[in-house]
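With PDB, C-alpha atoms inside, this is entry.pdb:
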```
ATOM      1  CA  MET A   1      23.196  18.095 185.887
ATOM      2  CA  ASP A   2      20.849  20.826 186.977
ATOM      3  CA  ALA A   3      21.989  23.973 185.231
ATOM      4  CA  CYS A   4      20.601  27.137 186.768
ATOM      5  CA  PRO A   5      19.432  29.741 184.286
ATOM      6  CA  PRO A   6      21.509  32.907 184.348
ATOM      7  CA  THR A   7      20.310  35.546 186.772
ATOM      8  CA  PRO A   8      18.870  38.495 184.863
ATOM      9  CA  THR A   9      20.854  41.691 185.266
ATOM     10  CA  CYS A  10      20.409  45.333 184.347
ATOM     11  CA  ARG A  11      20.812  46.039 180.620
ATOM     12  CA  PHE A  12      23.285  48.882 181.274
ATOM     13  CA  VAL A  13      26.634  48.222 179.580
ATOM     14  CA  SER A  14      29.600  49.893 181.281
ATOM     15  CA  SER A  15      32.154  51.601 179.075
ATOM     16  CA  LEU A  16      34.796  49.887 181.223
ATOM     17  CA  GLY A  17      35.671  47.408 178.497
ATOM     18  CA  GLY A  18      32.208  47.334 176.957
ATOM     19  CA  THR A  19      31.288  43.897 178.297
ATOM     20  CA  GLN A  20      30.575  44.668 181.968
ATOM     21  CA  HIS A  21      26.897  44.822 182.885
ATOM     22  CA  CYS A  22      25.403  46.288 186.032
ATOM     23  CA  GLN A  23      24.693  43.317 188.329
ATOM     24  CA  ASP A  24      21.578  44.821 189.938
ATOM     25  CA  PRO A  25      18.296  43.066 189.133
ATOM     26  CA  PRO A  26      16.269  44.611 186.310
ATOM     27  CA  SER A  27      13.324  46.744 187.246
ATOM     28  CA  ARG A  28      11.754  48.572 184.298
ATOM     29  CA  LEU A  29      12.625  48.238 180.608
ATOM     30  CA  GLY A  30      15.454  45.926 181.666
ATOM     31  CA  PHE A  31      17.270  48.610 183.679
ATOM     32  CA  CYS A  32      17.806  48.539 187.446
ATOM     33  CA  ALA A  33      16.113  51.357 189.372
ATOM     34  CA  PHE A  34      19.263  53.550 189.321
ATOM     35  CA  HIS A  35      19.914  53.177 185.594
ATOM     36  CA  PHE A  36      16.200  53.481 184.760
ATOM     37  CA  GLU A  37      16.139  56.914 186.400
ATOM     38  CA  ALA A  38      19.247  57.837 184.375
ATOM     39  CA  PHE A  39      17.479  56.629 181.218
ATOM     40  CA  LEU A  40      14.465  58.827 182.002
ATOM     41  CA  GLN A  41      16.803  61.802 182.470
ATOM     42  CA  GLY A  42      18.383  61.158 179.062
ATOM     43  CA  ASP A  43      21.749  60.055 180.465
ATOM     44  CA  LEU A  44      21.447  56.561 178.937
ATOM     45  CA  LEU A  45      20.498  55.398 175.460
ATOM     46  CA  PRO A  46      17.861  52.663 174.964
ATOM     47  CA  ASN A  47      20.639  50.156 174.155
ATOM     48  CA  GLY A  48      22.143  50.671 177.641
ATOM     49  CA  GLN A  49      25.096  52.894 176.744
ATOM     50  CA  ILE A  50      25.907  56.287 178.260
ATOM     51  CA  SER A  51      24.744  59.153 176.081
ATOM     52  CA  GLU A  52      27.475  61.290 174.550
ATOM     53  CA  ARG A  53      25.563  64.306 175.898
ATOM     54  CA  VAL A  54      26.658  63.473 179.459
ATOM     55  CA  SER A  55      29.703  65.716 179.838
ATOM     56  CA  ASP A  56      29.973  65.732 183.648
ATOM     57  CA  GLN A  57      32.746  63.246 184.467
ATOM     58  CA  HIS A  58      31.431  62.636 187.999
ATOM     59  CA  ARG A  59      28.046  61.660 186.553
ATOM     60  CA  ARG A  60      29.665  59.418 183.907
ATOM     61  CA  ARG A  61      31.678  57.645 186.622
ATOM     62  CA  ALA A  62      28.602  57.201 188.804
ATOM     63  CA  LEU A  63      26.744  55.656 185.859
ATOM     64  CA  ASN A  64      29.715  53.483 184.882
ATOM     65  CA  TYR A  65      30.525  52.106 188.319
ATOM     66  CA  HIS A  66      27.032  51.564 189.715
ATOM     67  CA  GLY A  67      26.448  47.832 190.089
ATOM     68  CA  VAL A  68      29.593  46.853 188.175
ATOM     69  CA  PRO A  69      31.920  44.536 190.105
ATOM     70  CA  THR A  70      35.549  45.610 190.336
ATOM     71  CA  GLU A  71      38.725  43.779 191.274
ATOM     72  CA  THR A  72      38.329  45.035 194.848
ATOM     73  CA  GLY A  73      34.851  43.526 194.928
ATOM     74  CA  ASN A  74      33.071  46.760 195.756
ATOM     75  CA  ALA A  75      32.482  49.215 192.923
ATOM     76  CA  LYS A  76      31.138  51.875 195.287
ATOM     77  CA  LEU A  77      34.599  52.335 196.796
ATOM     78  CA  ASP A  78      36.007  53.443 193.446
ATOM     79  CA  VAL A  79      33.455  56.164 192.699
ATOM     80  CA  PRO A  80      34.889  59.607 193.437
ATOM     81  CA  GLN A  81      32.744  61.701 195.762
ATOM     82  CA  ARG A  82      32.053  65.363 195.197
TER      83      ARG A  82
END
```

Representation of the structure as structure tokens:
Amino acid sequence: MDACPPTPTCRFVSSLGGTQHCQDPPSRLGFCAFHFEAFLQGDLLPNGQISERVSDQHRRRALNYHGVPTETGNAKLDVPQR
């Protein structure tokens, strides 16, 4: 059997259960482009978790849902818009 190696994904770990990873391909430092920018802004910790300093719930949801598959199959539909 030819087993394919797992596709690398972003190192961001969603707080939606703690086991969901962003499915976007990694760019820099193991983060996808979106989560890497959040890391540079201080919104994410080096281990891929959301910083406790992020108090804006819209921002937390955007970070949590970006690239994470949902039951509907499209995480972007579940992110509230401002």

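For Asp56 of chain A, the non-local neighbours within 12 Å, defined as residues at least 6 positions apart in the same chain or in other chains and counting all atoms listed in the file, are Asp43, Ile50, Ala62, Leu63 and Arg82 of chain A.
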
Interatomic distance (Å, one decimal) between atom CA of Phe31 of chain A and atom CA of Arg11 of chain A: 5.3 Å

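Across the structure, atom CA of Thr7 of chain A and atom CA of Gln41 of chain A are spaced 26.8 Å apart.
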
Hits of the PyMOL selection byres ((chain A and resi 21-24) around 6) in this structure, as a ChimeraX atom specification: /A:9-10,12-14,20,25,32,67-68

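Of the listed residues A:Asn64, A:Leu16, A:Arg59, A:Leu29, the one whose atoms come nearest to Asn47 of chain A is A:Leu29, with distances taken using all atoms listed in the file.
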
The centre and edge lengths of an axis-aligned box containing all atoms of segment 51-67 of chain A present in the file, extended by 5 Å on each side, are to be given in Å to one decimal, as JSON.
```
{"center_x": 28.7, "center_y": 56.8, "center_z": 182.3, "size_x": 18.0, "size_y": 27.9, "size_z": 25.5}
```

Two-atom distance - atom CA of Gly17 of chain A, atom CA of Gly30 of chain A (Å): 20.5 Å

Nearby residues (only C-alpha atoms) at most 9 Å from Leu44 of chain A, same-chain spacing under 5 positions excluded, as a PyMOL selection string: chain A and resi 12+35-36+38-39+49-52+54+63

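Counting all atoms listed in the file, the residue from A:Ser27, A:Thr19, A:Leu40, A:Pro8 that sits nearest to Pro69 of chain A is A:Thr19.
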